[in-house]
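Asker: Got model.pdb for you, PDB, C-alpha atoms, pLDDT in the B column:
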```
MODEL        1
ATOM      1  CA  MET A1023    -197.779 -18.232  35.666  1.00 47.00           C
ATOM      2  CA  TYR A1024    -200.115 -17.457  32.756  1.00 48.00           C
ATOM      3  CA  PHE A1025    -202.063 -20.701  33.211  1.00 49.00           C
ATOM      4  CA  ILE A1026    -202.430 -20.131  36.947  1.00 44.00           C
ATOM      5  CA  LYS A1027    -203.964 -16.711  36.246  1.00 49.00           C
ATOM      6  CA  LEU A1028    -206.064 -18.162  33.419  1.00 50.00           C
ATOM      7  CA  PHE A1029    -207.708 -20.776  35.613  1.00 46.00           C
ATOM      8  CA  ALA A1030    -208.222 -18.296  38.394  1.00 48.00           C
ATOM      9  CA  SER A1031    -210.132 -16.091  35.937  1.00 48.00           C
ATOM     10  CA  LEU A1032    -212.449 -18.812  34.611  1.00 44.00           C
ATOM     11  CA  SER A1033    -215.427 -17.916  36.777  1.00 42.00           C
ATOM     12  CA  THR A1034    -219.102 -18.350  35.952  1.00 37.00           C
ATOM     13  CA  ARG A1035    -219.437 -14.595  35.865  1.00 36.00           C
ATOM     14  CA  ASN A1036    -216.659 -13.947  33.310  1.00 41.00           C
ATOM     15  CA  LEU A1037    -216.706 -17.087  31.181  1.00 40.00           C
ATOM     16  CA  VAL A1038    -218.428 -16.940  27.821  1.00 42.00           C
ATOM     17  CA  LEU A1039    -218.353 -20.688  27.133  1.00 44.00           C
ATOM     18  CA  LEU A1040    -219.894 -22.520  30.067  1.00 39.00           C
ATOM     19  CA  GLN A1041    -220.335 -25.904  28.412  1.00 50.00           C
ATOM     20  CA  ALA A1042    -218.783 -28.839  30.228  1.00 54.00           C
ATOM     21  CA  ARG A1043    -217.940 -32.228  28.759  1.00 60.00           C
ATOM     22  CA  ASN A1044    -216.558 -35.308  30.450  1.00 71.00           C
ATOM     23  CA  ILE A1045    -213.555 -36.878  28.758  1.00 74.00           C
ATOM     24  CA  ASN A1046    -210.500 -38.994  29.347  1.00 84.00           C
ATOM     25  CA  CYS A1047    -207.589 -36.531  29.338  1.00 84.00           C
ATOM     26  CA  TRP A1048    -204.959 -37.307  26.704  1.00 82.00           C
ATOM     27  CA  SER A1049    -202.218 -35.943  28.988  1.00 82.00           C
ATOM     28  CA  CYS A1050    -202.870 -37.245  32.508  1.00 86.00           C
ATOM     29  CA  GLY A1051    -205.159 -40.116  31.476  1.00 82.00           C
ATOM     30  CA  LYS A1052    -207.803 -39.293  34.088  1.00 84.00           C
ATOM     31  CA  ASP A1053    -211.517 -38.932  33.567  1.00 79.00           C
ATOM     32  CA  THR A1054    -212.198 -35.226  33.865  1.00 70.00           C
ATOM     33  CA  THR A1055    -214.773 -32.510  33.447  1.00 67.00           C
ATOM     34  CA  LEU A1056    -213.352 -29.784  31.275  1.00 67.00           C
ATOM     35  CA  VAL A1057    -212.977 -26.230  32.449  1.00 58.00           C
ATOM     36  CA  ALA A1058    -214.533 -23.869  29.881  1.00 61.00           C
ATOM     37  CA  ASN A1059    -214.878 -26.848  27.535  1.00 68.00           C
ATOM     38  CA  LEU A1060    -211.139 -26.448  26.886  1.00 80.00           C
ATOM     39  CA  PHE A1061    -208.888 -27.598  29.709  1.00 82.00           C
ATOM     40  CA  CYS A1062    -208.520 -30.708  31.858  1.00 82.00           C
ATOM     41  CA  SER A1063    -209.664 -29.808  35.381  1.00 81.00           C
ATOM     42  CA  ASN A1064    -206.970 -32.099  36.797  1.00 84.00           C
ATOM     43  CA  CYS A1065    -203.740 -31.243  34.916  1.00 83.00           C
ATOM     44  CA  LYS A1066    -204.887 -28.001  33.207  1.00 83.00           C
ATOM     45  CA  THR A1067    -203.854 -29.305  29.769  1.00 86.00           C
ATOM     46  CA  LEU A1068    -205.609 -28.050  26.630  1.00 86.00           C
ATOM     47  CA  GLN A1069    -207.829 -30.745  25.127  1.00 83.00           C
ATOM     48  CA  LYS A1070    -208.758 -31.527  21.554  1.00 82.00           C
ATOM     49  CA  PRO A1071    -211.950 -29.868  20.296  1.00 80.00           C
ATOM     50  CA  ASP A1072    -215.203 -31.777  20.445  1.00 70.00           C
ATOM     51  CA  ASN A1073    -217.985 -31.667  17.848  1.00 62.00           C
ATOM     52  CA  VAL A1074    -215.616 -30.415  15.158  1.00 72.00           C
ATOM     53  CA  GLU A1075    -218.104 -31.577  12.559  1.00 74.00           C
ATOM     54  CA  ASN A1076    -220.476 -28.809  13.655  1.00 90.00           C
ATOM     55  CA  TYR A1077    -219.256 -25.213  13.780  1.00 93.00           C
ATOM     56  CA  PHE A1078    -222.271 -24.085  15.804  1.00 93.00           C
ATOM     57  CA  LYS A1079    -221.436 -26.510  18.614  1.00 88.00           C
ATOM     58  CA  LEU A1080    -217.750 -25.676  18.365  1.00 88.00           C
ATOM     59  CA  MET A1081    -218.530 -21.984  18.892  1.00 90.00           C
ATOM     60  CA  GLY A1082    -221.150 -22.671  21.545  1.00 87.00           C
ATOM     61  CA  VAL A1083    -224.056 -20.992  19.718  1.00 90.00           C
ATOM     62  CA  ASP A1084    -227.515 -22.165  18.719  1.00 90.00           C
ATOM     63  CA  GLU A1085    -227.793 -23.799  15.309  1.00 92.00           C
ATOM     64  CA  SER A1086    -229.949 -21.112  13.765  1.00 94.00           C
ATOM     65  CA  TYR A1087    -229.764 -18.922  10.683  1.00 95.00           C
ATOM     66  CA  ASP A1088    -230.737 -15.997  12.912  1.00 94.00           C
ATOM     67  CA  LEU A1089    -227.788 -16.354  15.249  1.00 92.00           C
ATOM     68  CA  ASP A1090    -226.671 -13.376  17.316  1.00 92.00           C
ATOM     69  CA  GLU A1091    -223.590 -12.067  15.485  1.00 91.00           C
ATOM     70  CA  GLU A1092    -222.509  -9.987  18.488  1.00 93.00           C
ATOM     71  CA  ASP A1093    -222.642 -13.071  20.711  1.00 93.00           C
ATOM     72  CA  LEU A1094    -220.733 -15.088  18.097  1.00 95.00           C
ATOM     73  CA  SER A1095    -218.020 -12.425  18.016  1.00 95.00           C
ATOM     74  CA  LYS A1096    -217.799 -12.418  21.812  1.00 93.00           C
ATOM     75  CA  ARG A1097    -217.418 -16.197  21.935  1.00 92.00           C
ATOM     76  CA  TYR A1098    -214.813 -16.107  19.170  1.00 93.00           C
ATOM     77  CA  LYS A1099    -212.685 -13.586  21.053  1.00 92.00           C
ATOM     78  CA  GLN A1100    -213.050 -15.571  24.275  1.00 89.00           C
ATOM     79  CA  LEU A1101    -211.934 -18.793  22.612  1.00 89.00           C
ATOM     80  CA  GLN A1102    -208.977 -17.202  20.854  1.00 90.00           C
ATOM     81  CA  ARG A1103    -207.935 -15.576  24.103  1.00 87.00           C
ATOM     82  CA  TYR A1104    -207.240 -19.054  25.451  1.00 87.00           C
ATOM     83  CA  LEU A1105    -206.227 -20.804  22.232  1.00 87.00           C
ATOM     84  CA  HIS A1106    -203.707 -18.535  20.564  1.00 85.00           C
ATOM     85  CA  PRO A1107    -200.553 -20.574  19.782  1.00 84.00           C
ATOM     86  CA  ASP A1108    -198.294 -17.865  21.262  1.00 86.00           C
ATOM     87  CA  LYS A1109    -199.595 -18.757  24.706  1.00 84.00           C
ATOM     88  CA  TYR A1110    -198.304 -22.327  24.296  1.00 87.00           C
ATOM     89  CA  ALA A1111    -194.752 -21.544  23.206  1.00 85.00           C
ATOM     90  CA  ASN A1112    -193.352 -23.025  26.423  1.00 84.00           C
ATOM     91  CA  ARG A1113    -195.779 -25.951  26.659  1.00 84.00           C
ATOM     92  CA  ASN A1114    -195.266 -29.486  25.353  1.00 85.00           C
ATOM     93  CA  GLU A1115    -195.296 -30.204  21.619  1.00 88.00           C
ATOM     94  CA  MET A1116    -198.658 -31.994  21.643  1.00 88.00           C
ATOM     95  CA  GLU A1117    -200.387 -29.093  23.333  1.00 88.00           C
ATOM     96  CA  GLN A1118    -198.778 -26.636  20.891  1.00 90.00           C
ATOM     97  CA  GLU A1119    -200.122 -28.703  17.989  1.00 89.00           C
ATOM     98  CA  ILE A1120    -203.616 -28.868  19.490  1.00 89.00           C
ATOM     99  CA  SER A1121    -203.577 -25.119  20.097  1.00 90.00           C
ATOM    100  CA  ALA A1122    -202.594 -24.324  16.509  1.00 90.00           C
ATOM    101  CA  LYS A1123    -205.211 -26.645  14.989  1.00 89.00           C
ATOM    102  CA  TYR A1124    -207.931 -25.613  17.447  1.00 89.00           C
ATOM    103  CA  SER A1125    -207.262 -21.909  16.866  1.00 91.00           C
ATOM    104  CA  SER A1126    -207.343 -22.400  13.081  1.00 92.00           C
ATOM    105  CA  LEU A1127    -210.595 -24.357  13.324  1.00 92.00           C
ATOM    106  CA  VAL A1128    -212.209 -21.622  15.417  1.00 93.00           C
ATOM    107  CA  ASN A1129    -211.119 -19.024  12.841  1.00 94.00           C
ATOM    108  CA  GLU A1130    -212.692 -21.075  10.055  1.00 95.00           C
ATOM    109  CA  ALA A1131    -215.910 -21.596  12.021  1.00 95.00           C
ATOM    110  CA  TYR A1132    -216.171 -17.894  12.846  1.00 96.00           C
ATOM    111  CA  ARG A1133    -215.665 -16.799   9.225  1.00 96.00           C
ATOM    112  CA  THR A1134    -218.249 -19.314   8.030  1.00 96.00           C
ATOM    113  CA  LEU A1135    -220.964 -18.451  10.535  1.00 97.00           C
ATOM    114  CA  LEU A1136    -220.502 -14.681  10.586  1.00 96.00           C
ATOM    115  CA  GLU A1137    -221.679 -13.930   7.036  1.00 93.00           C
ATOM    116  CA  PRO A1138    -225.247 -14.728   5.849  1.00 94.00           C
ATOM    117  CA  LEU A1139    -224.309 -16.529   2.614  1.00 95.00           C
ATOM    118  CA  PRO A1140    -221.607 -18.940   3.898  1.00 96.00           C
ATOM    119  CA  ARG A1141    -223.693 -19.526   7.038  1.00 97.00           C
ATOM    120  CA  GLY A1142    -226.685 -20.575   4.947  1.00 96.00           C
ATOM    121  CA  ILE A1143    -224.566 -22.766   2.673  1.00 95.00           C
ATOM    122  CA  TYR A1144    -223.002 -24.406   5.728  1.00 96.00           C
ATOM    123  CA  MET A1145    -226.405 -25.084   7.314  1.00 96.00           C
ATOM    124  CA  LEU A1146    -227.501 -26.632   4.031  1.00 93.00           C
ATOM    125  CA  LYS A1147    -224.367 -28.802   4.068  1.00 93.00           C
ATOM    126  CA  LEU A1148    -225.206 -30.015   7.587  1.00 93.00           C
ATOM    127  CA  LYS A1149    -228.471 -31.321   6.126  1.00 91.00           C
ATOM    128  CA  GLY A1150    -226.592 -33.168   3.380  1.00 90.00           C
ATOM    129  CA  LYS A1151    -227.517 -30.759   0.598  1.00 88.00           C
ATOM    130  CA  GLN A1152    -225.752 -28.137  -1.504  1.00 85.00           C
ATOM    131  CA  ILE A1153    -226.473 -25.423  -4.041  1.00 82.00           C
ATOM    132  CA  GLU A1154    -226.215 -26.688  -7.584  1.00 73.00           C
ATOM    133  CA  GLU A1155    -224.130 -24.612  -9.974  1.00 68.00           C
ATOM    134  CA  ASN A1156    -226.276 -22.478 -12.275  1.00 63.00           C
ATOM    135  CA  MET A1157    -229.440 -23.845 -10.660  1.00 64.00           C
ATOM    136  CA  GLU A1158    -231.256 -20.532 -11.212  1.00 62.00           C
ATOM    137  CA  THR A1159    -233.071 -20.810 -14.563  1.00 69.00           C
ATOM    138  CA  ASP A1160    -235.726 -18.093 -14.226  1.00 82.00           C
ATOM    139  CA  PRO A1161    -235.115 -15.900 -17.330  1.00 87.00           C
ATOM    140  CA  ALA A1162    -236.532 -12.790 -15.625  1.00 90.00           C
ATOM    141  CA  PHE A1163    -234.190 -13.196 -12.642  1.00 91.00           C
ATOM    142  CA  LEU A1164    -231.142 -13.849 -14.809  1.00 90.00           C
ATOM    143  CA  MET A1165    -231.968 -10.784 -16.902  1.00 92.00           C
ATOM    144  CA  GLU A1166    -232.225  -8.697 -13.740  1.00 93.00           C
ATOM    145  CA  ILE A1167    -228.788  -9.916 -12.615  1.00 94.00           C
ATOM    146  CA  MET A1168    -227.273  -9.078 -15.994  1.00 94.00           C
ATOM    147  CA  GLU A1169    -228.744  -5.583 -15.847  1.00 95.00           C
ATOM    148  CA  LYS A1170    -227.446  -5.006 -12.307  1.00 95.00           C
ATOM    149  CA  ASN A1171    -223.987  -6.149 -13.325  1.00 94.00           C
ATOM    150  CA  GLU A1172    -224.039  -3.681 -16.202  1.00 95.00           C
ATOM    151  CA  GLU A1173    -225.194  -0.890 -13.894  1.00 94.00           C
ATOM    152  CA  VAL A1174    -222.284  -1.584 -11.548  1.00 93.00           C
ATOM    153  CA  GLU A1175    -219.797  -1.695 -14.418  1.00 92.00           C
ATOM    154  CA  ASN A1176    -221.085   1.592 -15.815  1.00 92.00           C
ATOM    155  CA  ALA A1177    -221.431   3.438 -12.496  1.00 90.00           C
ATOM    156  CA  GLU A1178    -218.898   6.283 -12.359  1.00 88.00           C
ATOM    157  CA  THR A1179    -220.068   8.851  -9.829  1.00 91.00           C
ATOM    158  CA  GLU A1180    -220.167   8.408  -6.075  1.00 91.00           C
ATOM    159  CA  ALA A1181    -223.927   8.972  -6.096  1.00 92.00           C
ATOM    160  CA  GLU A1182    -224.478   6.168  -8.632  1.00 92.00           C
ATOM    161  CA  ILE A1183    -222.276   3.720  -6.772  1.00 93.00           C
ATOM    162  CA  MET A1184    -223.765   4.436  -3.351  1.00 93.00           C
ATOM    163  CA  LYS A1185    -227.302   4.189  -4.749  1.00 95.00           C
ATOM    164  CA  LEU A1186    -226.505   0.710  -6.055  1.00 95.00           C
ATOM    165  CA  ASN A1187    -224.807  -0.180  -2.778  1.00 95.00           C
ATOM    166  CA  LYS A1188    -227.945   0.671  -0.805  1.00 96.00           C
ATOM    167  CA  GLU A1189    -230.218  -1.109  -3.283  1.00 96.00           C
ATOM    168  CA  ILE A1190    -228.277  -4.391  -3.304  1.00 96.00           C
ATOM    169  CA  LYS A1191    -227.840  -4.325   0.469  1.00 96.00           C
ATOM    170  CA  LEU A1192    -231.621  -4.089   0.912  1.00 97.00           C
ATOM    171  CA  ILE A1193    -232.163  -6.986  -1.516  1.00 96.00           C
ATOM    172  CA  ILE A1194    -229.718  -9.162   0.430  1.00 96.00           C
ATOM    173  CA  GLN A1195    -231.398  -8.236   3.723  1.00 96.00           C
ATOM    174  CA  ASP A1196    -234.763  -9.271   2.283  1.00 97.00           C
ATOM    175  CA  LEU A1197    -233.273 -12.580   1.122  1.00 97.00           C
ATOM    176  CA  GLN A1198    -231.952 -13.137   4.654  1.00 96.00           C
ATOM    177  CA  LYS A1199    -235.447 -12.717   6.104  1.00 97.00           C
ATOM    178  CA  ARG A1200    -236.909 -15.122   3.566  1.00 97.00           C
ATOM    179  CA  LEU A1201    -234.105 -17.620   4.208  1.00 96.00           C
ATOM    180  CA  SER A1202    -234.772 -17.475   7.930  1.00 96.00           C
ATOM    181  CA  THR A1203    -238.421 -18.348   7.321  1.00 97.00           C
ATOM    182  CA  ALA A1204    -237.502 -21.157   4.918  1.00 96.00           C
ATOM    183  CA  PHE A1205    -234.952 -22.687   7.293  1.00 95.00           C
ATOM    184  CA  PHE A1206    -237.392 -22.463  10.211  1.00 94.00           C
ATOM    185  CA  GLY A1207    -240.091 -24.178   8.156  1.00 95.00           C
ATOM    186  CA  GLY A1208    -237.735 -26.855   6.838  1.00 93.00           C
ATOM    187  CA  ASP A1209    -238.396 -25.819   3.228  1.00 95.00           C
ATOM    188  CA  MET A1210    -235.023 -26.926   1.816  1.00 92.00           C
ATOM    189  CA  LYS A1211    -236.117 -26.500  -1.791  1.00 91.00           C
ATOM    190  CA  ASN A1212    -236.812 -22.826  -1.166  1.00 93.00           C
ATOM    191  CA  VAL A1213    -233.630 -22.519   0.913  1.00 94.00           C
ATOM    192  CA  MET A1214    -231.542 -23.712  -2.022  1.00 93.00           C
ATOM    193  CA  LYS A1215    -233.320 -21.325  -4.398  1.00 92.00           C
ATOM    194  CA  LEU A1216    -232.866 -18.330  -2.086  1.00 94.00           C
ATOM    195  CA  LEU A1217    -229.217 -19.136  -1.406  1.00 95.00           C
ATOM    196  CA  GLY A1218    -228.643 -19.378  -5.152  1.00 92.00           C
ATOM    197  CA  GLN A1219    -230.128 -15.907  -5.582  1.00 93.00           C
ATOM    198  CA  MET A1220    -228.119 -14.544  -2.647  1.00 95.00           C
ATOM    199  CA  LYS A1221    -224.968 -15.893  -4.250  1.00 94.00           C
ATOM    200  CA  TYR A1222    -225.606 -13.772  -7.358  1.00 94.00           C
ATOM    201  CA  TYR A1223    -226.416 -10.649  -5.381  1.00 96.00           C
ATOM    202  CA  SER A1224    -223.465 -11.147  -3.023  1.00 95.00           C
ATOM    203  CA  SER A1225    -221.197 -11.232  -6.063  1.00 95.00           C
ATOM    204  CA  ILE A1226    -222.664  -7.922  -7.250  1.00 96.00           C
ATOM    205  CA  TYR A1227    -222.308  -6.465  -3.748  1.00 96.00           C
ATOM    206  CA  ASN A1228    -218.630  -7.432  -3.673  1.00 95.00           C
ATOM    207  CA  GLN A1229    -218.119  -5.687  -7.025  1.00 94.00           C
ATOM    208  CA  ILE A1230    -219.655  -2.553  -5.571  1.00 95.00           C
ATOM    209  CA  GLN A1231    -217.362  -2.708  -2.539  1.00 93.00           C
ATOM    210  CA  ASN A1232    -214.387  -2.946  -4.894  1.00 92.00           C
ATOM    211  CA  SER A1233    -215.597   0.157  -6.728  1.00 91.00           C
ATOM    212  CA  ILE A1234    -215.998   2.026  -3.434  1.00 91.00           C
ATOM    213  CA  ARG A1235    -212.445   1.143  -2.408  1.00 90.00           C
ATOM    214  CA  ASN A1236    -210.934   1.859  -5.812  1.00 85.00           C
ATOM    215  CA  LYS A1237    -212.549   5.279  -5.999  1.00 80.00           C
ATOM    216  CA  GLY A1238    -211.669   6.122  -2.410  1.00 83.00           C
ATOM    217  CA  ILE A1239    -215.268   6.758  -1.457  1.00 80.00           C
ATOM    218  CA  ILE A1240    -215.711   7.489   2.253  1.00 76.00           C
ATOM    219  CA  ARG A1241    -218.958   6.117   3.640  1.00 67.00           C
TER     220      ARG A1241
ENDMDL
END
```
Show me this structure written as structure tokens.

Answerer:
Amino acid sequence: MYFIKLFASLSTRNLVLLQARNINCWSCGKDTTLVANLFCSNCKTLQKPDNVENYFKLMGVDESYDLDEEDLSKRYKQLQRYLHPDKYANRNEMEQEISAKYSSLVNEAYRTLLEPLPRGIYMLKLKGKQIEENMETDPAFLMEIMEKNEEVENAETEAEIMKLNKEIKLIIQDLQKRLSTAFFGGDMKNVMKLLGQMKYYSSIYNQIQNSIRNKGIIR
């Protein structure tokens, strides 16, 4: 009954993912155009994910550093609505396995693309590059990071912690803007440098969030 209602609800108006791909269904063996990029239009069986090597394609969003996070969240919820393993408890074993793996893959893709740092690192990976460990050698920058770490460690009052929280958040936002420009211009050398810097500041930001939680600060 659930799958009858599900297919009845997959209208152009309500569907988030409107991509269609032609495949040979693993269940019925017929050439088919998928409904919602998920199900065989003939036997209604869940199909294996396509383009698993690219999280942007998997989630149905543009491959851009400036992706719409609200749209990404909407697509994630839509996919999980149809993929959650609990919905396949009474289906065949193969479809249960596909559901579990597909749902897990969507979770991983969503977590990777949602946050600025892992999204940038992933986009770099798609271009066959990666951030080198300890690639930042600018003495002035490294000194600044050391000083910020000390400030966070020594911050005791709510005012001190929240001041640092605002400061680091603004720095990360500025790095995001510069990363967007670098990605758009294909300047991979600058992308790697900026991601390396964001990695340091993200670590400091996480320390601040721990302090906020540990001290019970209400924002």

Asker: Once the PyMOL selection byres ((chain A and resi 1142) around 12) is applied to the coordinates I shared, what remains selected? I want it as a ChimeraX atom specification.

Answerer: /A:1085-1089,1134-1141,1143-1149,1151-1153,1197-1202,1204-1205,1210,1213-1218,1220-1221

Asker: Looking at A:Thr1179, A:Gln1231, A:Asn1129, A:Asn1187, which one is nearest to Leu1094 (chain A), with distances taken over all atoms listed in the file?

Answerer: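 The shortest atom-to-atom distance to Leu1094 (chain A) comes from A:Asn1129.
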
Asker: When you draw a straight line from CA of Ile1230 (chain A) to CA of Phe1163 (chain A), how long is it in Å?

Answerer: 19.4 Å

Asker: I'd like the neighbourhood of region 1118-1122 of chain A as a PyMOL selection string, where a residue qualifies if any of its atoms comes within 9 Å (using only C-alpha atoms), though same-chain residues fewer than 6 positions away should be ignored.

Answerer: chain A and resi 1068-1071+1104-1112
